[in-house]
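K.L.:
Contents are compact mmCIF, C-alpha atoms; file name model.txt:
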```txt
# COMPACT_ATOMS: atom_id res chain seq x y z
CA MET A 1 -49.32 27.97 -53.70
CA PHE A 2 -51.33 24.97 -52.53
CA ASP A 3 -48.97 22.66 -54.44
CA ASP A 4 -46.06 24.08 -52.43
CA LEU A 5 -47.88 23.55 -49.14
CA LYS A 6 -49.19 20.09 -49.98
CA PRO A 7 -45.97 18.16 -49.09
CA HIS A 8 -45.82 19.99 -45.74
CA LEU A 9 -49.47 19.24 -45.01
CA ILE A 10 -48.92 15.56 -45.82
CA GLU A 11 -45.90 15.48 -43.51
CA LEU A 12 -47.86 17.28 -40.78
CA ARG A 13 -50.71 14.78 -41.10
CA LYS A 14 -48.23 11.92 -40.80
CA ARG A 15 -46.63 13.33 -37.64
CA LEU A 16 -50.01 14.09 -36.07
CA ALA A 17 -51.26 10.58 -36.89
CA ILE A 18 -48.24 8.98 -35.20
CA SER A 19 -48.63 11.24 -32.14
CA VAL A 20 -52.35 10.53 -31.81
CA ALA A 21 -51.74 6.79 -32.24
CA ALA A 22 -49.12 6.89 -29.47
CA VAL A 23 -51.52 8.68 -27.11
CA ILE A 24 -54.34 6.21 -27.86
CA ILE A 25 -52.10 3.18 -27.28
CA MET A 26 -50.76 4.59 -24.00
CA PHE A 27 -54.31 5.51 -22.96
CA PHE A 28 -55.41 1.86 -23.16
CA VAL A 29 -52.29 0.78 -21.31
CA MET A 30 -52.84 3.32 -18.52
CA PHE A 31 -56.55 2.53 -18.24
CA ASN A 32 -55.56 -0.76 -16.62
CA PHE A 33 -53.93 1.24 -13.82
CA HIS A 34 -56.50 4.04 -13.48
CA ASP A 35 -57.20 3.25 -9.81
CA ASN A 36 -53.52 3.61 -8.90
CA ILE A 37 -53.21 6.78 -10.96
CA LEU A 38 -56.30 8.26 -9.31
CA GLN A 39 -54.91 7.48 -5.85
CA TRP A 40 -51.73 9.31 -6.81
CA ILE A 41 -53.70 12.28 -8.14
CA THR A 42 -55.94 12.59 -5.07
CA ALA A 43 -53.09 12.15 -2.55
CA PRO A 44 -52.31 15.92 -2.30
CA LEU A 45 -55.99 16.69 -1.63
CA ILE A 46 -56.30 13.96 1.01
CA ASP A 47 -53.12 15.15 2.73
CA ALA A 48 -54.37 18.75 2.65
CA LEU A 49 -57.68 17.66 4.21
CA ALA A 50 -55.77 15.83 6.95
CA SER A 51 -53.69 18.94 7.68
CA ALA A 52 -56.74 21.21 7.67
CA SER A 53 -58.54 18.88 10.10
CA LYS A 54 -56.14 20.04 12.80
CA ILE A 55 -57.55 23.53 12.38
CA SER A 56 -61.25 22.77 11.96
CA VAL A 57 -63.45 19.81 12.85
CA LYS A 58 -65.45 20.55 9.68
CA ALA A 59 -62.38 19.91 7.55
CA ALA A 60 -62.08 16.47 9.12
CA ALA A 61 -65.50 15.71 7.65
CA GLY A 62 -64.34 16.72 4.18
CA GLN A 63 -65.07 14.25 1.42
CA ILE A 64 -64.34 13.62 -2.23
CA VAL A 65 -67.66 12.92 -3.91
CA THR A 66 -69.25 12.26 -7.30
CA LYS A 67 -72.40 14.02 -8.47
CA ASP A 68 -73.30 11.98 -11.56
CA LEU A 69 -73.95 8.28 -12.05
CA ALA A 70 -71.33 7.86 -14.78
CA GLU A 71 -68.82 10.34 -13.38
CA ALA A 72 -66.54 7.67 -11.88
CA PHE A 73 -66.16 6.08 -15.34
CA PHE A 74 -65.42 9.39 -17.05
CA VAL A 75 -62.92 10.29 -14.33
CA ALA A 76 -61.14 6.99 -15.02
CA MET A 77 -61.07 7.96 -18.71
CA LYS A 78 -59.66 11.40 -17.88
CA VAL A 79 -56.86 10.15 -15.63
CA SER A 80 -55.96 7.44 -18.16
CA PHE A 81 -55.75 10.04 -20.94
CA PHE A 82 -53.67 12.31 -18.68
CA ALA A 83 -51.22 9.47 -17.90
CA GLY A 84 -51.21 8.30 -21.52
CA LEU A 85 -50.35 11.78 -22.75
CA LEU A 86 -47.43 11.97 -20.33
CA ALA A 87 -46.21 8.52 -21.38
CA ALA A 88 -46.45 9.45 -25.07
CA LEU A 89 -44.71 12.82 -24.60
CA PRO A 90 -41.29 11.65 -25.90
CA ILE A 91 -42.93 10.36 -29.08
CA ILE A 92 -44.89 13.60 -29.52
CA LEU A 93 -41.73 15.70 -29.11
CA ALA A 94 -39.86 13.46 -31.54
CA GLN A 95 -42.59 13.90 -34.15
CA LEU A 96 -42.51 17.67 -33.63
CA TRP A 97 -38.75 17.72 -34.20
CA LEU A 98 -38.98 15.48 -37.27
CA PHE A 99 -41.58 17.84 -38.74
CA ILE A 100 -39.38 20.93 -38.41
CA ALA A 101 -36.07 19.12 -39.11
CA PRO A 102 -36.20 19.47 -42.95
CA GLY A 103 -35.89 23.23 -42.52
CA LEU A 104 -32.80 23.00 -40.31
CA TYR A 105 -29.08 22.78 -41.05
CA ALA A 106 -27.36 19.40 -40.98
CA ASN A 107 -25.78 19.95 -37.54
CA GLU A 108 -29.14 21.08 -36.12
CA LYS A 109 -30.96 18.00 -37.40
CA LYS A 110 -28.76 15.86 -35.14
CA MET A 111 -30.29 17.45 -32.02
CA LEU A 112 -33.32 15.12 -32.00
CA ILE A 113 -32.32 13.17 -28.89
CA PRO A 114 -31.31 16.26 -26.83
CA PHE A 115 -34.60 17.92 -27.80
CA VAL A 116 -36.68 14.88 -26.80
CA VAL A 117 -34.75 14.19 -23.59
CA GLY A 118 -34.54 17.85 -22.58
CA GLY A 119 -38.18 18.59 -23.41
CA THR A 120 -39.46 15.51 -21.60
CA GLY A 121 -37.19 16.06 -18.61
CA MET A 122 -38.17 19.71 -18.14
CA PHE A 123 -41.87 18.90 -18.54
CA LEU A 124 -41.64 16.20 -15.87
CA MET A 125 -39.64 18.57 -13.65
CA GLY A 126 -42.39 21.18 -13.95
CA ALA A 127 -45.07 18.58 -13.20
CA ALA A 128 -43.08 17.35 -10.19
CA PHE A 129 -42.69 20.92 -8.94
CA ALA A 130 -46.46 21.36 -9.20
CA TYR A 131 -47.18 18.05 -7.47
CA TYR A 132 -44.72 18.21 -4.59
CA ILE A 133 -44.55 21.95 -3.92
CA VAL A 134 -47.42 23.90 -5.44
CA THR A 135 -50.44 21.64 -4.83
CA PRO A 136 -49.68 20.74 -1.18
CA TYR A 137 -49.31 24.37 -0.10
CA SER A 138 -52.10 25.77 -2.29
CA PHE A 139 -54.60 23.03 -1.35
CA GLU A 140 -53.80 23.30 2.34
CA PHE A 141 -54.15 27.09 2.27
CA LEU A 142 -57.42 27.07 0.32
CA ILE A 143 -59.01 24.26 2.37
CA ALA A 144 -57.98 25.80 5.70
CA PHE A 145 -59.30 29.18 4.57
CA GLY A 146 -62.78 27.83 3.87
CA ALA A 147 -62.94 25.05 6.47
CA VAL A 148 -63.51 27.50 9.30
CA ASN A 149 -67.08 28.09 8.13
CA TYR A 150 -67.82 25.30 5.63
CA VAL A 151 -67.57 21.55 5.34
CA PRO A 152 -65.27 20.84 2.35
CA MET A 153 -66.78 18.44 -0.20
CA TYR A 154 -64.96 18.18 -3.50
CA ASN A 155 -66.34 16.75 -6.70
CA ILE A 156 -63.84 14.27 -8.14
CA GLY A 157 -64.47 15.35 -11.74
CA ASP A 158 -63.82 19.01 -10.98
CA TYR A 159 -60.77 18.14 -8.91
CA VAL A 160 -59.20 15.98 -11.64
CA GLU A 161 -59.75 18.78 -14.17
CA PHE A 162 -58.17 21.30 -11.77
CA PHE A 163 -55.25 18.99 -11.02
CA THR A 164 -54.41 18.13 -14.63
CA LYS A 165 -54.61 21.77 -15.66
CA VAL A 166 -52.10 22.71 -12.96
CA MET A 167 -49.77 19.84 -13.87
CA PHE A 168 -49.81 20.53 -17.60
CA GLY A 169 -49.52 24.26 -16.99
CA PHE A 170 -46.34 23.88 -14.95
CA GLY A 171 -44.99 21.24 -17.33
CA LEU A 172 -45.37 23.58 -20.30
CA ALA A 173 -43.97 26.52 -18.34
CA PHE A 174 -40.79 24.62 -17.50
CA GLU A 175 -40.11 24.10 -21.21
CA LEU A 176 -38.87 27.72 -21.43
CA PRO A 177 -35.11 26.95 -21.08
CA VAL A 178 -35.35 24.16 -23.68
CA ILE A 179 -37.16 26.42 -26.15
CA CYS A 180 -34.67 29.24 -25.60
CA TYR A 181 -31.73 26.86 -26.02
CA PHE A 182 -32.87 25.66 -29.42
CA LEU A 183 -33.87 29.14 -30.60
CA ALA A 184 -30.38 30.34 -29.65
CA LEU A 185 -28.83 27.32 -31.38
CA MET A 186 -30.63 28.35 -34.58
CA GLY A 187 -29.39 31.92 -34.14
CA LEU A 188 -32.87 33.37 -33.70
CA ILE A 189 -32.23 34.95 -30.28
CA ASP A 190 -29.23 36.07 -28.21
CA ASP A 191 -28.74 37.10 -24.59
CA LYS A 192 -28.93 40.83 -25.36
CA MET A 193 -32.36 40.39 -26.93
CA MET A 194 -33.61 38.45 -23.91
CA ILE A 195 -32.27 40.99 -21.43
CA GLY A 196 -33.90 43.82 -23.36
CA PHE A 197 -37.20 41.91 -23.41
CA PHE A 198 -37.11 41.16 -19.68
CA ARG A 199 -39.57 43.86 -18.56
CA TYR A 200 -42.12 42.70 -21.13
CA ALA A 201 -41.43 39.08 -20.23
CA ILE A 202 -42.54 39.76 -16.64
CA VAL A 203 -45.94 40.91 -17.88
CA LEU A 204 -46.22 37.98 -20.31
CA ILE A 205 -45.25 35.52 -17.57
CA PHE A 206 -48.12 36.63 -15.34
CA ILE A 207 -50.50 36.50 -18.31
CA ILE A 208 -49.30 32.98 -19.17
CA ALA A 209 -49.62 31.94 -15.52
CA ALA A 210 -53.21 33.19 -15.52
CA VAL A 211 -54.00 31.23 -18.70
CA LEU A 212 -52.26 27.96 -17.79
CA THR A 213 -53.51 27.71 -14.21
CA PRO A 214 -57.02 27.77 -12.73
CA PRO A 215 -58.49 31.22 -11.91
CA GLU A 216 -56.90 31.31 -8.48
CA VAL A 217 -54.26 33.95 -7.60
CA PHE A 218 -52.18 31.83 -5.20
CA THR A 219 -51.44 29.16 -7.84
CA GLN A 220 -50.79 31.79 -10.51
CA VAL A 221 -48.15 33.48 -8.33
CA LEU A 222 -46.55 30.10 -7.58
CA MET A 223 -46.20 29.57 -11.33
CA ALA A 224 -45.05 33.10 -12.17
CA LEU A 225 -42.15 33.17 -9.68
CA PRO A 226 -40.41 30.01 -10.99
CA LEU A 227 -41.01 31.23 -14.55
CA ILE A 228 -39.16 34.46 -13.78
CA LEU A 229 -36.29 32.39 -12.37
CA LEU A 230 -36.36 30.14 -15.44
CA TYR A 231 -36.22 33.20 -17.67
CA GLY A 232 -33.04 34.30 -15.87
CA ILE A 233 -31.57 30.81 -16.30
CA SER A 234 -32.57 30.90 -19.98
CA ILE A 235 -30.58 34.12 -20.42
CA LEU A 236 -27.46 32.36 -19.11
CA ILE A 237 -28.10 29.38 -21.41
CA VAL A 238 -28.56 31.63 -24.44
CA ARG A 239 -25.41 33.58 -23.52
CA ALA A 240 -23.45 30.34 -23.54
CA VAL A 241 -24.95 29.14 -26.85
CA ASN A 242 -25.34 32.33 -28.89
CA PRO A 243 -23.92 35.41 -27.13
CA ALA A 244 -24.63 38.80 -28.63
CA PRO A 245 -21.70 40.17 -30.67
CA LYS A 246 -19.63 42.75 -28.84
CA GLU A 247 -20.14 46.30 -30.05
CA LEU A 248 -17.08 47.70 -31.80
CA PRO A 249 -16.02 51.27 -31.00
CA SER A 250 -17.14 53.89 -33.52
CA ASN A 251 -14.75 55.58 -35.96
CA GLY A 252 -14.83 58.75 -33.90
CA GLU A 253 -13.58 56.94 -30.84
CA ASP A 254 -10.79 55.29 -32.89
CA GLU A 255 -9.63 58.69 -34.15
CA GLU A 256 -9.54 60.13 -30.60
CA GLU A 257 -7.41 57.20 -29.42
CA THR A 258 -5.02 57.72 -32.35
CA ILE A 259 -4.60 61.46 -31.58
CA ASP A 260 -3.85 60.65 -27.92
```
Rewrite the structure of this file - the entire thing - as structure tokens.
P.N.:
Amino acid sequence: MFDDLKPHLIELRKRLAISVAAVIIMFFVMFNFHDNILQWITAPLIDALASASKISVKAAAGQIVTKDLAEAFFVAMKVSFFAGLLAALPIILAQLWLFIAPGLYANEKKMLIPFVVGGTGMFLMGAAFAYYIVTPYSFEFLIAFGAVNYVPMYNIGDYVEFFTKVMFGFGLAFELPVICYFLALMGLIDDKMMIGFFRYAIVLIFIIAAVLTPPEVFTQVLMALPLILLYGISILIVRAVNPAPKELPSNGEDEEETID
């Protein structure tokens, strides 16, 4: 049994090694721009503090602080890794496809570029949705809610961890149509199966939203609602790619039509 698995394990190790190498290389590249990346990451928080300052004078005194001597350095490492992972995403997706490609049909193996482009595009779309829609409203709401009684002071390390978790959570969530497309292409799912699973999907979506986002209800709802919409879009995509076969009338019905 191990002899049968050995070639697959060797191939998996090869694909993982290439993916890790890509992330490491992009990490060192992005480390040179960590100040610019950090400014981009903190922009939603700074804007939310500026908006909240109109409500409370305490919010105007809000600050982004560090609590440890080496925290600024480790934050630079975190944001560089975050940016490096995003930059290496096409390579990671390509390695994933090349790993599963030997088990696919010849026409399916040709879908490498659509898989990489589609997967990368949807991930970036999810991250952009989180950055431009979710974080501004959620940060402004949360800061304004607490600024009435407290002076907001946010630790940069905690904020970066919160931010990257939200971005990656939404990026992964937006991969749903891509995943459904390729599963339908392989004949593993059809639109009837997805429609029948819809009620369970709603529950799973809220569970996934709770796992992929920080423990904060507002952000979880903002992830769950687009995911429900994406599930509906995925049904239409699957229907176009692999529609469920139409049910033929039973023999009894055929006999009744003949008698008539």
K.L.:
Excluding Ala240 (chain A) and its own-chain neighbours fewer than 6 positions away, which residues fall within 10 Å of it when counting all atoms listed in the file? Please give them as number ranges by chain.
P.N.:
A: 181, 184-185, 190-191, 234
K.L.:
Smallest atom-to-atom distance to Val20 (chain A): which of A:Pro7, A:Pro226, A:Gly84, A:Gly196, using all atoms listed in the file?
P.N.:
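Smallest separation from Val20 (chain A) among the options: A:Gly84.
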K.L.:
Using only C-alpha atoms, give me every residue within 6 Å of (-64.0, 9.4, -12.8) in file coordinates, as an MDAnalysis selection string.
P.N.:
chainID A and resid 71:76
K.L.:
Taking all atoms of region 9-25 of chain A that the file lists, what box with edges along x, y and z, padded by 6 Å per side, do you get, with centre and edge lengths in Å to one decimal, as AutoDock Vina command-line options?
P.N.:
```
--center_x -50.1 --center_y 11.2 --center_z -36.5 --size_x 20.4 --size_y 28.1 --size_z 30.7
```
K.L.:
Which neighbours of Asp158 (chain A) fall inside 12 Å, counting all atoms listed in the file, when residues of the same chain fewer than 3 positions from it are skipped, and could you give them as an MDAnalysis selection string?
P.N.:
chainID A and resid 42 64:68 71:72 74:75 78 153:155 161:165 214
K.L.:
Provide the CA of Ser80 (chain A) to CA of Trp40 (chain A) distance in Å, to one decimal place.
P.N.:
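CA of Ser80 (chain A) sits 12.3 Å away from CA of Trp40 (chain A).
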K.L.:
Restricting the calculation to only C-alpha atoms, which member of A:Leu183, A:Thr219, A:Ala43, A:Ile228 is positioned closest to Leu204 (chain A)?
P.N.:
A:Ile228
K.L.:
Could you please determine the separation between CA of Ile156 (chain A) and CA of Ile41 (chain A) in Å, to one decimal place?
P.N.:
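If I compute the distance from CA of Ile156 (chain A) to CA of Ile41 (chain A), I get 10.3 Å.
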K.L.:
Smallest atom-to-atom distance to Ile202 (chain A): which of A:Phe174, A:Tyr231, A:Ile179, A:Pro152, using all atoms listed in the file?
P.N.:
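Result for the nearest residue to Ile202 (chain A): A:Tyr231.
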K.L.:
Have a look at A:Ile195, A:Leu98, A:Leu38, A:Ile237 and name the one nearest to Ile18 (chain A); count all atoms listed in the file.
P.N.:
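Nearest to Ile18 (chain A): A:Leu98.
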K.L.:
Which value, in Å to one decimal, gives the distance between CA of Met30 (chain A) and CA of Gln95 (chain A)?
P.N.:
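Distance reported for this atom pair: 21.5 Å.
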K.L.:
Determine, counting all atoms listed in the file, which protein, DNA and RNA residues have an atom within 7 Å of an atom of region 133-145 of chain A; residues of the same chain fewer than 5 positions away are not included. Present the result as a VMD selection string.
P.N.:
chain A and resid 44 to 45 48 to 49 51 to 52 218 to 219 222
K.L.:
Pick out the residues sitting within 9 Å of region 111-128 of chain A, and hand them over as a PyMOL selection string; count all atoms listed in the file, and ignore anything fewer than 2 positions along from it in its own chain.
P.N.:
chain A and resi 86+89-94+97-98+101+107-109+130-133+166-179+182
K.L.:
Keeping only C-alpha atoms, take the residues you just selected and write them out as a PDB file, in the frame of the given file.
P.N.:
```pdb
ATOM      1  CA  LEU A  86     -47.430  11.970 -20.330  1.00  0.00           C
ATOM      2  CA  LEU A  89     -44.710  12.820 -24.600  1.00  0.00           C
ATOM      3  CA  PRO A  90     -41.290  11.650 -25.900  1.00  0.00           C
ATOM      4  CA  ILE A  91     -42.930  10.360 -29.080  1.00  0.00           C
ATOM      5  CA  ILE A  92     -44.890  13.600 -29.520  1.00  0.00           C
ATOM      6  CA  LEU A  93     -41.730  15.700 -29.110  1.00  0.00           C
ATOM      7  CA  ALA A  94     -39.860  13.460 -31.540  1.00  0.00           C
ATOM      8  CA  TRP A  97     -38.750  17.720 -34.200  1.00  0.00           C
ATOM      9  CA  LEU A  98     -38.980  15.480 -37.270  1.00  0.00           C
ATOM     10  CA  ALA A 101     -36.070  19.120 -39.110  1.00  0.00           C
ATOM     11  CA  ASN A 107     -25.780  19.950 -37.540  1.00  0.00           C
ATOM     12  CA  GLU A 108     -29.140  21.080 -36.120  1.00  0.00           C
ATOM     13  CA  LYS A 109     -30.960  18.000 -37.400  1.00  0.00           C
ATOM     14  CA  ALA A 130     -46.460  21.360  -9.200  1.00  0.00           C
ATOM     15  CA  TYR A 131     -47.180  18.050  -7.470  1.00  0.00           C
ATOM     16  CA  TYR A 132     -44.720  18.210  -4.590  1.00  0.00           C
ATOM     17  CA  ILE A 133     -44.550  21.950  -3.920  1.00  0.00           C
ATOM     18  CA  VAL A 166     -52.100  22.710 -12.960  1.00  0.00           C
ATOM     19  CA  MET A 167     -49.770  19.840 -13.870  1.00  0.00           C
ATOM     20  CA  PHE A 168     -49.810  20.530 -17.600  1.00  0.00           C
ATOM     21  CA  GLY A 169     -49.520  24.260 -16.990  1.00  0.00           C
ATOM     22  CA  PHE A 170     -46.340  23.880 -14.950  1.00  0.00           C
ATOM     23  CA  GLY A 171     -44.990  21.240 -17.330  1.00  0.00           C
ATOM     24  CA  LEU A 172     -45.370  23.580 -20.300  1.00  0.00           C
ATOM     25  CA  ALA A 173     -43.970  26.520 -18.340  1.00  0.00           C
ATOM     26  CA  PHE A 174     -40.790  24.620 -17.500  1.00  0.00           C
ATOM     27  CA  GLU A 175     -40.110  24.100 -21.210  1.00  0.00           C
ATOM     28  CA  LEU A 176     -38.870  27.720 -21.430  1.00  0.00           C
ATOM     29  CA  PRO A 177     -35.110  26.950 -21.080  1.00  0.00           C
ATOM     30  CA  VAL A 178     -35.350  24.160 -23.680  1.00  0.00           C
ATOM     31  CA  ILE A 179     -37.160  26.420 -26.150  1.00  0.00           C
ATOM     32  CA  PHE A 182     -32.870  25.660 -29.420  1.00  0.00           C
TER      33      PHE A 182
END
```
K.L.:
I'd like to know which of A:Ile233, A:Ala224, A:Ile189, A:Val79 is closest to Gln39 (chain A), using only C-alpha atoms.
P.N.:
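Ranking A:Ile233, A:Ala224, A:Ile189, A:Val79 by distance to Gln39 (chain A), first place goes to A:Val79.
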K.L.:
Which is closest to Cys180 (chain A) among A:Val211, A:Leu96, A:Val238, A:Ala21, if we use all atoms listed in the file?
P.N.:
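Closest candidate: A:Val238.
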